[in-house]
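Have a look at target-v3.txt below; it lists compact mmCIF, C-alpha atoms and all ligand atoms.
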# COMPACT_ATOMS: atom_id res chain seq x y z
CA MET A 1 0.00 0.00 0.00
CA THR A 2 1.28 3.46 -0.84
CA ASN A 3 1.07 6.26 1.49
CA SER A 4 0.26 9.58 -0.18
CA ARG A 5 3.37 11.08 1.43
CA ASN A 6 5.52 9.01 -0.95
CA LYS A 7 3.85 10.45 -4.03
CA VAL A 8 5.82 12.37 -6.59
CA VAL A 9 3.76 14.90 -8.51
CA LEU A 10 4.87 16.00 -11.97
CA LEU A 11 3.37 19.13 -13.55
CA ALA A 12 3.74 18.67 -17.28
CA GLY A 13 3.16 20.14 -20.71
CA GLY A 14 3.74 18.21 -23.94
CA VAL A 15 7.04 16.81 -25.16
CA GLY A 16 9.33 17.92 -22.26
CA GLY A 17 6.72 16.73 -19.78
CA ALA A 18 6.35 13.40 -21.55
CA LYS A 19 10.10 12.73 -21.55
CA ILE A 20 10.70 13.38 -17.85
CA ALA A 21 7.48 11.49 -17.00
CA GLU A 22 8.82 8.45 -18.82
CA GLY A 23 12.20 8.84 -17.09
CA LEU A 24 10.52 8.99 -13.67
CA SER A 25 8.38 5.97 -14.52
CA GLN A 26 11.57 3.94 -14.96
CA ILE A 27 12.54 4.45 -11.31
CA ILE A 28 9.51 5.30 -9.16
CA PRO A 29 7.00 2.59 -8.17
CA ASP A 30 4.01 2.89 -10.52
CA ASP A 31 1.51 4.01 -7.91
CA GLN A 32 3.78 6.76 -6.60
CA LEU A 33 3.91 8.85 -9.77
CA ILE A 34 1.07 11.19 -10.61
CA ILE A 35 1.23 13.47 -13.60
CA TYR A 36 -0.99 16.53 -13.98
CA VAL A 37 -1.04 17.70 -17.57
CA ASN A 38 -1.83 21.07 -19.12
CA THR A 39 -5.10 21.17 -21.06
CA GLY A 40 -4.99 24.83 -22.14
CA ASP A 41 -3.90 23.65 -25.61
CA ASP A 42 -7.00 21.45 -26.01
CA PHE A 43 -9.36 22.34 -28.83
CA GLN A 44 -11.99 20.98 -31.15
CA HIS A 45 -11.11 20.18 -34.73
CA PHE A 46 -13.50 18.47 -37.16
CA GLY A 47 -15.81 18.30 -34.14
CA LEU A 48 -13.28 16.09 -32.35
CA GLU A 49 -11.95 16.66 -28.85
CA ILE A 50 -8.18 17.02 -29.17
CA SER A 51 -5.99 17.00 -26.03
CA PRO A 52 -2.46 17.30 -27.45
CA ASP A 53 -0.46 17.37 -24.21
CA LEU A 54 -2.41 14.54 -22.57
CA ASP A 55 -1.90 12.43 -25.69
CA THR A 56 1.80 13.31 -25.95
CA VAL A 57 2.39 12.15 -22.36
CA THR A 58 0.18 9.08 -22.79
CA TYR A 59 1.83 7.93 -26.05
CA MET A 60 5.31 8.39 -24.59
CA MET A 61 4.43 6.42 -21.43
CA ALA A 62 2.89 3.69 -23.58
CA GLY A 63 6.02 3.53 -25.78
CA LEU A 64 3.95 4.58 -28.81
CA SER A 65 5.15 8.13 -29.43
CA ASN A 66 6.71 9.45 -32.61
CA PRO A 67 10.43 9.84 -31.80
CA ASP A 68 10.94 12.50 -34.49
CA THR A 69 8.19 14.97 -33.61
CA GLY A 70 7.69 14.07 -29.93
CA TRP A 71 3.90 14.36 -30.49
CA GLY A 72 1.63 11.93 -32.32
CA ARG A 73 2.16 8.21 -32.90
CA ALA A 74 5.18 6.28 -34.18
CA GLU A 75 4.83 4.61 -37.58
CA GLU A 76 1.85 6.81 -38.33
CA THR A 77 -0.04 6.80 -41.64
CA TRP A 78 -1.88 9.81 -43.06
CA ASN A 79 -4.71 8.40 -45.18
CA ALA A 80 -7.50 10.38 -43.53
CA LEU A 81 -5.53 13.61 -43.95
CA LYS A 82 -4.90 12.82 -47.63
CA THR A 83 -8.65 12.42 -48.11
CA ILE A 84 -9.23 15.75 -46.36
CA GLU A 85 -6.70 17.32 -48.73
CA LEU A 86 -8.46 15.85 -51.75
CA LEU A 87 -11.71 17.30 -50.44
CA ASP A 88 -10.10 20.72 -49.86
CA GLY A 89 -10.63 20.55 -46.08
CA PRO A 90 -8.41 22.23 -43.46
CA MET A 91 -4.91 20.77 -43.55
CA TRP A 92 -3.05 22.89 -41.02
CA PHE A 93 -3.30 20.44 -38.11
CA ASN A 94 -1.78 17.05 -38.85
CA LEU A 95 -3.98 14.26 -37.57
CA GLY A 96 -2.57 10.83 -38.30
CA ASP A 97 -4.75 7.75 -38.74
CA LYS A 98 -3.66 6.05 -35.50
CA ASP A 99 -3.92 9.29 -33.55
CA LEU A 100 -7.42 9.89 -34.96
CA GLY A 101 -8.64 6.75 -33.19
CA ASN A 102 -7.83 8.41 -29.86
CA HIS A 103 -9.72 11.60 -30.73
CA LEU A 104 -12.71 9.68 -32.03
CA GLU A 105 -13.01 7.54 -28.92
CA ARG A 106 -12.38 10.46 -26.54
CA THR A 107 -15.08 12.47 -28.33
CA ARG A 108 -17.53 9.56 -28.18
CA LEU A 109 -16.95 9.07 -24.46
CA LYS A 110 -17.17 12.79 -23.69
CA ASN A 111 -20.42 13.01 -25.66
CA LYS A 112 -21.75 10.17 -23.48
CA GLY A 113 -20.98 12.30 -20.41
CA PHE A 114 -17.55 11.00 -19.34
CA LYS A 115 -15.20 13.56 -17.81
CA LEU A 116 -11.83 14.14 -19.47
CA SER A 117 -10.11 12.71 -16.35
CA GLU A 118 -12.20 9.54 -16.64
CA VAL A 119 -11.33 9.19 -20.32
CA SER A 120 -7.67 9.76 -19.49
CA GLN A 121 -7.68 7.04 -16.82
CA LEU A 122 -9.49 4.64 -19.11
CA PHE A 123 -6.98 5.26 -21.90
CA CYS A 124 -4.08 4.70 -19.47
CA GLU A 125 -5.60 1.37 -18.48
CA LYS A 126 -6.11 0.32 -22.11
CA TYR A 127 -2.59 1.38 -23.12
CA GLY A 128 -1.15 -0.53 -20.15
CA ILE A 129 0.06 2.58 -18.27
CA ARG A 130 0.03 2.01 -14.53
CA GLN A 131 0.92 5.56 -13.47
CA LYS A 132 -1.77 8.24 -13.15
CA ILE A 133 -1.94 10.73 -16.02
CA LEU A 134 -4.61 13.33 -15.37
CA PRO A 135 -5.73 16.57 -16.98
CA MET A 136 -5.30 19.65 -14.77
CA SER A 137 -9.08 20.13 -14.95
CA ASP A 138 -12.26 18.58 -16.28
CA ASP A 139 -13.46 22.06 -17.22
CA GLN A 140 -12.61 23.82 -20.44
CA ILE A 141 -9.70 26.24 -20.21
CA GLN A 142 -8.35 27.78 -23.39
CA THR A 143 -4.93 29.35 -23.58
CA MET A 144 -5.37 32.45 -25.74
CA ILE A 145 -2.33 34.12 -27.23
CA HIS A 146 -2.69 37.84 -27.89
CA THR A 147 -0.70 38.77 -30.96
CA VAL A 148 0.19 42.13 -32.47
CA GLU A 149 -0.90 40.99 -35.95
CA PHE A 150 -4.12 39.07 -35.29
CA GLY A 151 -5.31 39.95 -31.77
CA PHE A 152 -6.30 36.81 -29.84
CA LEU A 153 -5.50 33.42 -31.34
CA SER A 154 -6.25 30.07 -29.75
CA PHE A 155 -3.07 28.22 -28.79
CA GLN A 156 -3.14 25.78 -31.72
CA GLU A 157 -3.91 28.58 -34.20
CA TYR A 158 -0.85 30.42 -32.92
CA PHE A 159 1.38 27.37 -32.52
CA VAL A 160 0.56 25.22 -35.52
CA LYS A 161 -1.46 27.30 -38.00
CA GLN A 162 0.68 30.45 -37.66
CA ARG A 163 3.88 28.48 -36.82
CA CYS A 164 4.51 30.70 -33.74
CA GLU A 165 5.40 33.57 -36.09
CA PRO A 166 3.09 36.36 -34.82
CA VAL A 167 4.49 38.66 -32.13
CA ILE A 168 2.98 37.99 -28.69
CA ASP A 169 1.99 40.76 -26.32
CA GLY A 170 -0.19 38.86 -23.88
CA ILE A 171 -1.50 35.47 -22.78
CA LYS A 172 -4.73 34.62 -21.02
CA PHE A 173 -6.36 31.43 -19.86
CA ARG A 174 -9.98 31.70 -20.89
CA GLY A 175 -12.30 29.94 -18.44
CA ILE A 176 -9.74 29.73 -15.61
CA GLY A 177 -11.89 31.80 -13.20
CA LYS A 178 -14.74 29.31 -13.24
CA ALA A 179 -12.67 26.14 -13.68
CA GLN A 180 -12.06 23.67 -10.87
CA PRO A 181 -8.81 21.72 -10.61
CA VAL A 182 -9.26 18.04 -11.38
CA ASN A 183 -10.60 16.11 -8.42
CA GLY A 184 -7.85 15.47 -5.85
CA MET A 185 -5.11 17.58 -7.43
CA VAL A 186 -4.80 20.18 -4.65
CA GLU A 187 -4.88 17.52 -1.91
CA THR A 188 -2.39 15.31 -3.75
CA ILE A 189 0.03 18.22 -4.16
CA LYS A 190 -0.33 19.11 -0.47
CA SER A 191 0.38 15.58 0.72
CA SER A 192 3.03 14.70 -1.89
CA LYS A 193 6.70 14.12 -1.15
CA PHE A 194 8.02 16.23 -4.05
CA VAL A 195 6.61 18.31 -6.88
CA ILE A 196 8.61 18.35 -10.09
CA ILE A 197 7.99 20.95 -12.77
CA ALA A 198 8.82 19.46 -16.15
CA PRO A 199 11.07 21.22 -18.69
CA SER A 200 7.94 22.57 -20.36
CA ASN A 201 7.08 26.10 -21.46
CA PRO A 202 6.42 28.12 -18.25
CA TRP A 203 4.08 30.58 -20.02
CA VAL A 204 1.72 28.18 -21.77
CA SER A 205 2.29 24.72 -20.28
CA ILE A 206 2.96 25.25 -16.56
CA ASP A 207 1.29 28.61 -15.81
CA PRO A 208 -2.19 27.26 -16.69
CA ILE A 209 -1.75 24.42 -14.16
CA ILE A 210 -0.47 26.77 -11.46
CA ALA A 211 -3.31 29.20 -12.19
CA MET A 212 -5.90 26.54 -11.25
CA LYS A 213 -7.75 27.40 -8.03
CA GLY A 214 -5.84 26.40 -4.91
CA VAL A 215 -2.73 25.12 -6.70
CA ARG A 216 -0.37 28.03 -6.02
CA SER A 217 -1.13 27.98 -2.30
CA ALA A 218 -0.85 24.15 -2.24
CA LEU A 219 2.68 24.53 -3.64
CA LYS A 220 3.77 26.75 -0.73
CA ASN A 221 6.28 25.03 1.57
CA LYS A 222 6.59 21.93 -0.62
CA THR A 223 9.83 20.62 -2.08
CA ILE A 224 9.46 21.91 -5.61
CA VAL A 225 12.08 21.49 -8.28
CA ALA A 226 11.85 22.75 -11.85
CA ILE A 227 13.93 21.60 -14.81
CA SER A 228 14.92 24.31 -17.27
CA PRO A 229 13.28 24.23 -20.72
CA ILE A 230 15.96 26.69 -21.92
CA ILE A 231 19.58 25.68 -22.56
CA GLY A 232 22.18 28.31 -23.37
CA GLY A 233 19.50 30.85 -24.31
CA LYS A 234 17.89 28.40 -26.76
CA PRO A 235 14.66 26.44 -26.32
CA VAL A 236 14.85 22.67 -26.05
CA LYS A 237 11.68 22.83 -28.16
CA GLY A 238 9.05 25.36 -29.20
CA PRO A 239 8.61 29.11 -28.82
CA VAL A 240 9.59 29.53 -25.16
CA CYS A 241 12.53 31.89 -25.85
CA LYS A 242 10.56 33.91 -28.39
CA MET A 243 7.79 34.31 -25.79
CA TYR A 244 10.17 35.52 -23.08
CA ARG A 245 11.71 38.09 -25.44
CA GLU A 246 8.43 39.37 -26.86
CA LEU A 247 6.93 39.67 -23.37
CA GLY A 248 9.91 41.78 -22.31
CA TYR A 249 12.23 39.34 -20.56
CA GLU A 250 15.64 37.89 -21.31
CA ALA A 251 15.34 34.41 -22.83
CA SER A 252 17.41 32.48 -20.30
CA ALA A 253 17.32 29.77 -17.65
CA LEU A 254 17.52 32.58 -15.07
CA SER A 255 14.24 34.05 -16.34
CA VAL A 256 12.63 30.64 -15.77
CA VAL A 257 13.87 30.68 -12.15
CA LYS A 258 12.37 34.16 -11.66
CA HIS A 259 9.15 32.99 -13.31
CA TYR A 260 8.67 30.36 -10.59
CA GLN A 261 9.97 32.48 -7.72
CA GLY A 262 7.76 32.37 -4.64
CA PHE A 263 7.38 28.61 -4.49
CA LEU A 264 10.46 27.07 -6.15
CA ARG A 265 13.07 25.39 -3.89
CA GLY A 266 15.48 23.96 -6.44
CA PHE A 267 16.29 24.47 -10.11
CA ILE A 268 17.96 22.05 -12.49
CA LEU A 269 19.89 23.74 -15.26
CA ASP A 270 22.20 22.61 -17.99
CA HIS A 271 26.01 22.85 -17.89
CA ALA A 272 25.66 25.46 -20.65
CA ASP A 273 24.01 27.78 -18.08
CA SER A 274 26.28 27.18 -15.09
CA ASN A 275 27.20 30.90 -15.18
CA PHE A 276 23.75 31.58 -13.60
CA GLU A 277 24.46 29.46 -10.51
CA SER A 278 25.41 32.29 -8.16
CA GLU A 279 22.51 34.50 -9.26
CA ILE A 280 20.06 31.64 -8.71
CA ILE A 281 21.43 31.29 -5.15
CA ILE A 282 21.05 35.07 -4.63
CA ASN A 283 17.39 34.60 -5.62
CA GLY A 284 17.04 32.10 -2.74
CA ILE A 285 16.84 28.99 -4.91
CA ILE A 286 19.24 26.04 -4.93
CA PRO A 287 20.72 25.21 -8.33
CA TYR A 288 21.80 21.82 -9.63
CA VAL A 289 23.82 21.69 -12.84
CA THR A 290 23.77 18.65 -15.11
CA ASN A 291 23.07 17.47 -18.67
CA THR A 292 19.40 18.25 -19.20
CA ILE A 293 18.93 17.07 -22.79
CA MET A 294 16.83 13.89 -22.90
CA HIS A 295 17.54 12.29 -26.27
CA ASP A 296 16.85 8.66 -25.36
CA LYS A 297 15.51 6.33 -22.67
CA ASN A 298 18.81 6.28 -20.74
CA SER A 299 19.18 10.04 -20.62
CA ARG A 300 15.54 10.33 -19.50
CA ARG A 301 16.16 7.87 -16.64
CA LYS A 302 19.43 9.58 -15.69
CA LEU A 303 17.88 13.07 -15.47
CA ALA A 304 14.88 11.65 -13.57
CA GLN A 305 17.20 9.92 -11.07
CA GLU A 306 19.27 13.08 -10.57
CA THR A 307 16.06 15.09 -10.11
CA LEU A 308 14.78 12.70 -7.44
CA ASP A 309 18.16 12.63 -5.66
CA PHE A 310 18.23 16.45 -5.69
CA CYS A 311 14.66 16.59 -4.28
CA GLY A 312 15.72 14.13 -1.59
CA ARG A 313 18.66 16.34 -0.56
CA LEU A 314 16.41 19.43 -0.46
CA ASN A 315 13.95 17.56 1.76
CA GLN A 316 16.58 16.75 4.40
N1 LIG A 401 2.27 20.18 -33.64
C1 LIG A 401 2.66 20.77 -34.78
O1 LIG A 401 3.61 21.54 -34.78
N2 LIG A 401 1.98 20.50 -35.98
C2 LIG A 401 0.93 19.65 -36.03
O2 LIG A 401 0.36 19.46 -37.11
C3 LIG A 401 0.54 18.99 -34.82
C4 LIG A 401 -0.48 18.06 -34.80
C5 LIG A 401 -0.78 17.38 -33.61
C6 LIG A 401 -1.76 16.40 -33.58
C7 LIG A 401 -2.07 15.74 -32.41
C8 LIG A 401 -1.38 16.07 -31.25
O3 LIG A 401 -1.69 15.44 -30.10
C9 LIG A 401 -0.41 17.04 -31.25
C10 LIG A 401 -0.10 17.72 -32.42
N3 LIG A 401 0.89 18.70 -32.45
C11 LIG A 401 1.25 19.30 -33.63
C12 LIG A 401 1.59 19.08 -31.24
C13 LIG A 401 0.85 20.16 -30.45
O4 LIG A 401 0.19 21.10 -31.19
C14 LIG A 401 1.83 20.93 -29.54
O5 LIG A 401 3.02 20.28 -29.38
C15 LIG A 401 1.30 21.11 -28.16
O6 LIG A 401 0.02 21.58 -28.07
C16 LIG A 401 2.26 22.01 -27.37
O7 LIG A 401 2.62 21.31 -26.23
Show me, as structure tokens, the structure contained in the file I just sent.
Amino acid sequence: MTNSRNKVVLLAGGVGGAKIAEGLSQIIPDDQLIIYVNTGDDFQHFGLEISPDLDTVTYMMAGLSNPDTGWGRAEETWNALKTIELLDGPMWFNLGDKDLGNHLERTRLKNKGFKLSEVSQLFCEKYGIRQKILPMSDDQIQTMIHTVEFGFLSFQEYFVKQRCEPVIDGIKFRGIGKAQPVNGMVETIKSSKFVIIAPSNPWVSIDPIIAMKGVRSALKNKTIVAISPIIGGKPVKGPVCKMYRELGYEASALSVVKHYQGFLRGFILDHADSNFESEIIINGIIPYVTNTIMHDKNSRRKLAQETLDFCGRLNQ
């Protein structure tokens, strides 16, 4: 039997979240890892319920993810999309045939009244995943990116359709005021042993989770460690650096530390950023420098092990 005090909570976005989740799953007993995933990127396309970050984490944990893109399924085929192209339908969001099965079944279950968290748990069971992967909320929250060129865009319109090219001058989480965190999230965070913040985009992957009612205060006085999504001023993936710059901040690992200031205890940064160590300490946070790039199963396990060891030392 597990005691909730042994639980490790991971707050995760898409690809970075999926990789560290898989690394942690290699070393933590199955029932001790609980992953809360951003759903601000969720949207409807062709009437289907798409939950990109939940699927990215789920596919990775099931060993089914596309190793080249990080999202979607390995050995995917694109027959449905080719038909859509022939019919002159919208082509900007790439839905593979295998991936489509997930969206179809999720939509069917949601239309029958299932909550997203119930669908997520059912999918985990069917894919043979023994850890808990849960959405941050069962309510709809939409990350809206305010751009200079187009005003507000939904996250996927900004990210995929516009290829992150428009200039950002604001971000809001539509629906966050009325949304409830998924059942048990606040209590699980409060009683957990450690909280790990994945190397995901702080603005659009982690901030929505932290903005859920009760989460920020639940994080107070916990052992919280974040892994940097920025290495040497460059993003591991996605528009994180562009976002920091356009919103008026330096694009650096240090900006990520400042982003999480107020609840962060420790910060894991890459060797490329070791010059920030003393400034991180001045900001009251304990740094740990290592290789943070997770390019395969071994490097995912290694970073996960170092993260847990670091959390353990901070807890002493
Ligand atoms: N990302 C892209 O850059 N282009 C796509 O066409 C695309 C399709 C897609 C389909 C299903 C899915 O689960 C994810 C998909 N992603 C795609 C990734 C996704 O848009 C982003 O990585 C996340 O929302 C950001 O974490």
Please find the residues contacting ligand LIG 401 (chain A) at a distance of at most 9 Å between atoms, with all atoms listed in the file counted, and report them as an MDAnalysis selection string.
chainID A and resid 13:17 38:42 50:56 69:73 91:96 99:100 103 155:156 159:161 163 200:201 204:205 238
Counting all atoms listed in the file, I want the residues whose atoms come within 9 Å of (12.5, 21.0, -22.9) in the file frame, returned as a PyMOL selection string.
chain A and resi 15-17+19+198-201+227-231+235-238+292-294
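Distances to Gln180 in chain A were evaluated for A:Gln32, A:Gln140, A:Ser217, A:Thr147 using all atoms listed in the file, and the minimum falls at A:Gln140.
Restricting the calculation to only C-alpha atoms, the smallest distance between Ile189 in chain A and any of A:Leu86, A:Leu109, A:Ile168, A:Ile210 is found for A:Ile210.
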Let me have the centre and edge lengths in Å, one decimal, of the box along x, y and z around every listed atom of range 68-84 of chain A with 5 Å of margin on each side, as AutoDock Vina command-line options.
--center_x 0.9 --center_y 10.2 --center_z -39.0 --size_x 30.2 --size_y 21.1 --size_z 28.2
Test item: residues at most 9 Å from Lys110 in chain A, all atoms listed in the file, excluding those fewer than 5 positions along its chain, as a list in words
Glu49, Glu105, Lys115, Leu116 and Val119 of chain A
Using all atoms listed in the file, the shortest atom-to-atom distance to Gly312 in chain A among A:His45, A:Lys193, A:Lys98, A:Lys178 belongs to A:Lys193
Give me, as a VMD selection string, all polymer residues having an atom no more than 12 Å from Glu306 in chain A, counting only C-alpha atoms and skipping those fewer than 3 positions away in the same chain.
chain A and resid 20 23 to 24 27 196 225 227 267 to 269 288 to 292 299 to 303 309 to 313
